[in-house]
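Data block for structure-v8.txt (compact mmCIF, C-alpha atoms):
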# COMPACT_ATOMS: atom_id res chain seq x y z
CA MET A 1 4.41 13.57 0.00
CA GLY A 2 3.07 10.59 1.90
CA PHE A 3 4.31 8.96 5.08
CA PHE A 4 6.82 6.76 3.25
CA LYS A 5 9.58 8.59 1.37
CA ASP A 6 10.22 5.74 -1.10
CA ALA A 7 9.56 2.09 -1.93
CA ASP A 8 12.46 0.89 0.22
CA GLU A 9 11.01 2.61 3.27
CA LEU A 10 7.56 1.17 2.60
CA ASP A 11 9.14 -2.29 2.33
CA THR A 12 11.07 -1.74 5.56
CA TYR A 13 7.92 -1.02 7.57
CA ILE A 14 5.00 -2.72 5.78
CA GLY A 15 7.09 -5.55 4.34
CA GLY A 16 8.81 -5.84 7.70
CA VAL A 17 5.58 -6.38 9.61
CA PHE A 18 4.47 -8.96 7.04
CA ARG A 19 7.83 -10.76 7.36
CA ASP A 20 7.60 -10.73 11.17
CA ALA A 21 3.98 -11.92 11.01
CA GLY A 22 5.09 -15.34 9.82
CA GLU A 23 6.77 -15.88 13.19
CA HIS A 24 4.00 -14.37 15.32
CA PRO A 25 2.73 -17.05 17.75
CA GLU A 26 -0.95 -16.26 17.20
CA SER A 27 -1.17 -14.97 13.62
CA GLY A 28 1.76 -16.82 11.98
CA PRO A 29 0.27 -20.34 11.89
CA LYS A 30 -3.10 -19.00 10.68
CA LEU A 31 -1.50 -16.93 7.93
CA LYS A 32 0.58 -19.91 6.81
CA GLY A 33 -2.62 -21.98 6.77
CA ALA A 34 -4.52 -19.48 4.60
CA ASN A 35 -2.99 -21.02 1.46
CA ILE A 36 -3.27 -17.91 -0.72
CA VAL A 37 -0.90 -15.60 -2.56
CA MET A 38 -1.67 -11.91 -2.14
CA ARG A 39 -0.04 -9.15 -4.15
CA VAL A 40 -0.32 -5.54 -3.02
CA ILE A 41 0.47 -2.74 -5.43
CA TYR A 42 1.05 0.50 -3.58
CA THR A 43 1.11 4.05 -4.95
CA ASP A 44 2.70 7.10 -3.35
CA PRO A 45 5.29 5.64 -3.27
CA ASP A 46 5.09 3.05 -6.03
CA CYS A 47 5.90 -0.34 -4.57
CA GLU A 48 4.84 -3.92 -5.22
CA MET A 49 4.89 -6.71 -2.66
CA THR A 50 3.74 -10.32 -2.76
CA MET A 51 2.85 -12.32 0.35
CA VAL A 52 2.82 -16.10 0.05
CA PHE A 53 0.56 -17.27 2.88
CA ARG A 54 1.42 -20.97 2.80
CA ASP A 55 3.76 -23.32 4.62
CA ASP A 56 6.61 -21.77 2.60
CA TYR A 57 5.62 -18.32 3.95
CA GLN A 58 7.36 -15.55 2.01
CA VAL A 59 7.24 -11.80 1.54
CA ILE A 60 8.71 -10.85 -1.83
CA PRO A 61 9.37 -7.21 -2.74
CA GLY A 62 8.96 -6.20 -6.37
CA PRO A 63 7.53 -7.99 -9.38
CA ASN A 64 7.90 -11.77 -9.34
CA GLU A 65 6.67 -15.00 -10.91
CA HIS A 66 4.10 -15.95 -8.25
CA LYS A 67 0.52 -15.98 -9.50
CA ALA A 68 -1.58 -13.96 -7.07
CA ASP A 69 -4.96 -15.26 -5.93
CA VAL A 70 -5.84 -11.72 -4.85
CA THR A 71 -4.34 -8.35 -5.74
CA LEU A 72 -4.94 -5.18 -3.75
CA LEU A 73 -4.22 -1.66 -4.97
CA MET A 74 -3.85 1.11 -2.38
CA ARG A 75 -1.89 4.19 -1.41
CA GLY A 76 1.05 3.80 0.94
CA ASP A 77 -0.66 6.10 3.44
CA THR A 78 -3.73 3.84 3.44
CA ALA A 79 -1.54 0.86 4.35
CA ASP A 80 0.09 2.90 7.13
CA GLN A 81 -3.33 3.84 8.55
CA PHE A 82 -4.48 0.21 8.33
CA TRP A 83 -1.45 -1.14 10.22
CA ARG A 84 -1.89 1.51 12.92
CA GLY A 85 -5.44 0.18 13.40
CA ASP A 86 -6.99 3.40 12.09
CA TYR A 87 -8.40 2.18 8.76
CA ASN A 88 -11.19 -0.29 8.09
CA LEU A 89 -10.23 -2.25 4.99
CA ALA A 90 -13.76 -3.52 4.34
CA ILE A 91 -15.09 0.06 4.24
CA GLY A 92 -12.14 1.13 2.07
CA LEU A 93 -12.98 -1.63 -0.41
CA ALA A 94 -16.66 -0.65 -0.39
CA LYS A 95 -15.82 3.03 -1.00
CA GLY A 96 -13.32 2.19 -3.74
CA GLN A 97 -10.37 3.68 -1.83
CA VAL A 98 -8.79 0.22 -1.99
CA LYS A 99 -9.26 -1.79 -5.16
CA ALA A 100 -9.19 -5.58 -5.28
CA LYS A 101 -8.81 -8.11 -8.07
CA GLY A 102 -9.86 -11.60 -7.12
CA PRO A 103 -12.09 -12.99 -4.37
CA VAL A 104 -12.42 -10.23 -1.78
CA ASN A 105 -13.75 -12.73 0.78
CA LYS A 106 -10.24 -14.26 0.95
CA ILE A 107 -8.81 -10.89 1.93
CA LEU A 108 -11.50 -10.21 4.49
CA LYS A 109 -10.74 -13.57 6.16
CA LEU A 110 -7.13 -12.43 6.66
CA VAL A 111 -7.98 -9.05 8.20
CA PRO A 112 -8.76 -10.38 11.72
CA LEU A 113 -5.37 -12.13 11.72
CA THR A 114 -3.63 -8.77 11.38
CA LYS A 115 -5.04 -7.15 14.52
CA PRO A 116 -2.50 -8.81 16.89
CA LEU A 117 0.24 -7.42 14.60
CA PHE A 118 -0.74 -3.74 14.95
CA PRO A 119 1.47 -3.19 18.05
CA MET A 120 4.44 -4.64 16.13
CA TYR A 121 3.87 -2.13 13.33
CA ARG A 122 3.44 0.81 15.69
CA GLU A 123 6.73 -0.18 17.38
CA LYS A 124 8.47 -0.33 13.96
CA VAL A 125 7.35 3.19 12.97
CA ALA A 126 7.80 4.81 16.41
CA ALA A 127 11.25 6.22 15.59
CA LYS A 128 10.03 7.55 12.22
CA ASP A 129 7.02 9.12 13.95
CA ALA A 130 9.31 10.78 16.52
CA ASN A 131 11.39 12.36 13.76
CA ALA A 132 8.40 13.52 11.69

Since I need it in another form, could you write the structure as structure tokens?
Amino acid sequence: MGFFKDADELDTYIGGVFRDAGEHPESGPKLKGANIVMRVIYTDPDCEMTMVFRDDYQVIPGPNEHKADVTLLMRGDTADQFWRGDYNLAIGLAKGQVKAKGPVNKILKLVPLTKPLFPMYREKVAAKDANA
């Protein structure tokens, strides 16, 4: 079993950091200005999440009507490693560990905006880590 026990837990931590990112003083305005819709389909556990990186910034769990500009497919553990700062998404894409549909360059432009958010994620999962 992976780090996340179910889709709700993945949404609590990964979705939670994406929701908080919209209010982050450094990353929030840049994410809102990206003007793209990104869907991430996770496996182990199965979970789908859509991030609307526009002025009407949203993080939507589950299937929805938004048309994604870019879709990523990855394992839940891969997302956990990425948000801890331990996984290079560009290398994961190159190796096929993460699959992308749509213009990958749009995703790679967002990656630097996530680095200031890593401490927020590590703080979110600290209690789960302590109980592991």

CA of Ala79 (chain A) to CA of Lys5 (chain A), straight-line distance in Å: 13.9 Å

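Note that CA of Pro119 (chain A) and CA of Arg84 (chain A) are 7.7 Å apart.
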
Between CA of Ala68 (chain A) and CA of Val37 (chain A) - distance in Å to one decimal: 4.8 Å

Here is a test: counting only C-alpha atoms, which residue of A:Lys67, A:Gly92, A:Asp11, A:Ala130 is nearest to Val104 (chain A)?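 Ranking A:Lys67, A:Gly92, A:Asp11, A:Ala130 by distance to Val104 (chain A), first place goes to A:Gly92.
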
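Residues lying within 10 Å of Arg54 (chain A), counting all atoms listed in the file and ignoring same-chain neighbours fewer than 2 positions away, are Gly22, Pro29, Lys30, Leu31, Lys32, Gly33, Ala34, Asn35, Ile36, Val37, Met51, Val52, Asp56, Tyr57 and Gln58 of chain A.
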
Could you check which of A:Ala7, A:Leu113, A:Leu72, A:Ile60 is closest to Asp44 (chain A), using all atoms listed in the file?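 Between A:Ala7, A:Leu113, A:Leu72, A:Ile60, the residue approaching Asp44 (chain A) most closely is A:Ala7.
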
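Distance check against Pro45 (chain A) using all atoms listed in the file: of A:Glu65, A:Asp8, A:Glu23, A:Asp86, the minimum falls on A:Asp8.
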
First collect every listed atom of region 57-71 of chain A; then fit an axis-aligned box around them, widen it by 8 Å on each side, and give centre and edge lengths in Å to one decimal, as AutoDock Vina command-line options.
--center_x 1.8 --center_y -12.3 --center_z -3.5 --size_x 31.2 --size_y 28.1 --size_z 30.9

Might you pull out every residue within 12 Å of Phe4 (chain A), with all atoms listed in the file counted and same-chain residues fewer than 5 positions away left off, and present them as a list in words?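 Once the adjacent positions are removed, what remains is Glu9, Leu10, Asp11, Thr12, Tyr13, Ile14, Tyr42, Thr43, Asp44, Pro45, Asp46, Cys47, Arg75, Gly76, Asp77, Thr78, Ala79, Asp80, Gln81, Val125, Lys128, Asp129 and Ala132 of chain A.
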
Of the listed residues A:Ala126, A:Val98, A:Leu73, A:Val59, that which approaches Asp20 (chain A) most closely, counting all atoms listed in the file: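 Checking each of A:Ala126, A:Val98, A:Leu73, A:Val59 against Asp20 (chain A), counting all atoms listed in the file, the winner is A:Val59.
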
Residue nearest Ile41 (chain A) - candidates A:Lys115, A:Lys101, A:His24, A:Lys95, atoms counted: all atoms listed in the file: A:Lys101

My list of candidates is A:Gly2, A:Gly85, A:Gly96, A:Pro25. Which is closest to Val111 (chain A) when distances are computed with only C-alpha atoms?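 The closest residue to Val111 (chain A) is A:Gly85.
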
Rebuild N, CA and C atoms on region 2-33 of chain A, as a compact mmCIF listing (two decimals), in the coordinates of the input?
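Dumped to result-v2.txt:
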# COMPACT_ATOMS: atom_id res chain seq x y z
N GLY A 2 3.69 11.46 0.92
CA GLY A 2 3.07 10.59 1.90
C GLY A 2 4.00 10.25 3.05
N PHE A 3 3.55 9.36 3.90
CA PHE A 3 4.31 8.96 5.08
C PHE A 3 5.63 8.29 4.71
N PHE A 4 5.61 7.46 3.67
CA PHE A 4 6.82 6.76 3.25
C PHE A 4 7.53 7.56 2.18
N LYS A 5 8.85 7.77 2.33
CA LYS A 5 9.58 8.59 1.37
C LYS A 5 9.86 7.86 0.06
N ASP A 6 9.95 6.51 0.12
CA ASP A 6 10.22 5.74 -1.10
C ASP A 6 9.81 4.28 -0.90
N ALA A 7 9.96 3.50 -1.97
CA ALA A 7 9.56 2.09 -1.93
C ALA A 7 10.36 1.30 -0.90
N ASP A 8 11.64 1.61 -0.75
CA ASP A 8 12.46 0.89 0.22
C ASP A 8 11.94 1.10 1.64
N GLU A 9 11.53 2.33 1.93
CA GLU A 9 11.01 2.61 3.27
C GLU A 9 9.68 1.89 3.50
N LEU A 10 8.82 1.89 2.49
CA LEU A 10 7.56 1.17 2.60
C LEU A 10 7.83 -0.31 2.85
N ASP A 11 8.80 -0.88 2.13
CA ASP A 11 9.14 -2.29 2.33
C ASP A 11 9.72 -2.53 3.72
N THR A 12 10.50 -1.59 4.23
CA THR A 12 11.07 -1.74 5.56
C THR A 12 9.97 -1.89 6.61
N TYR A 13 8.96 -1.04 6.55
CA TYR A 13 7.92 -1.02 7.57
C TYR A 13 6.77 -1.99 7.27
N ILE A 14 6.14 -1.85 6.11
CA ILE A 14 5.00 -2.72 5.78
C ILE A 14 5.50 -4.13 5.48
N GLY A 15 6.50 -4.24 4.63
CA GLY A 15 7.09 -5.55 4.34
C GLY A 15 7.64 -6.18 5.61
N GLY A 16 8.24 -5.34 6.45
CA GLY A 16 8.81 -5.84 7.70
C GLY A 16 7.77 -6.46 8.62
N VAL A 17 6.62 -5.81 8.74
CA VAL A 17 5.58 -6.38 9.61
C VAL A 17 5.03 -7.67 9.00
N PHE A 18 4.91 -7.71 7.68
CA PHE A 18 4.47 -8.96 7.04
C PHE A 18 5.50 -10.07 7.26
N ARG A 19 6.80 -9.74 7.14
CA ARG A 19 7.83 -10.76 7.36
C ARG A 19 7.79 -11.27 8.81
N ASP A 20 7.67 -10.34 9.75
CA ASP A 20 7.60 -10.73 11.17
C ASP A 20 6.34 -11.52 11.48
N ALA A 21 5.27 -11.25 10.74
CA ALA A 21 3.98 -11.92 11.01
C ALA A 21 4.08 -13.43 10.87
N GLY A 22 4.94 -13.90 10.00
CA GLY A 22 5.09 -15.34 9.82
C GLY A 22 5.58 -16.05 11.06
N GLU A 23 6.25 -15.31 11.95
CA GLU A 23 6.77 -15.88 13.19
C GLU A 23 5.91 -15.55 14.41
N HIS A 24 4.86 -14.77 14.20
CA HIS A 24 4.00 -14.37 15.32
C HIS A 24 3.28 -15.61 15.87
N PRO A 25 3.30 -15.82 17.19
CA PRO A 25 2.73 -17.05 17.75
C PRO A 25 1.24 -17.24 17.48
N GLU A 26 0.49 -16.16 17.43
CA GLU A 26 -0.95 -16.26 17.20
C GLU A 26 -1.30 -16.21 15.71
N SER A 27 -0.79 -15.19 15.02
CA SER A 27 -1.17 -14.97 13.62
C SER A 27 -0.38 -15.83 12.64
N GLY A 28 0.90 -16.10 12.92
CA GLY A 28 1.76 -16.82 11.98
C GLY A 28 1.19 -18.13 11.47
N PRO A 29 0.81 -19.05 12.37
CA PRO A 29 0.27 -20.34 11.89
C PRO A 29 -1.01 -20.18 11.07
N LYS A 30 -1.85 -19.21 11.42
CA LYS A 30 -3.10 -19.00 10.68
C LYS A 30 -2.82 -18.41 9.30
N LEU A 31 -1.86 -17.49 9.23
CA LEU A 31 -1.50 -16.93 7.93
C LEU A 31 -0.90 -18.01 7.03
N LYS A 32 -0.03 -18.83 7.58
CA LYS A 32 0.58 -19.91 6.81
C LYS A 32 -0.49 -20.90 6.34
N GLY A 33 -1.55 -21.06 7.11
CA GLY A 33 -2.62 -21.98 6.77
C GLY A 33 -3.64 -21.41 5.80
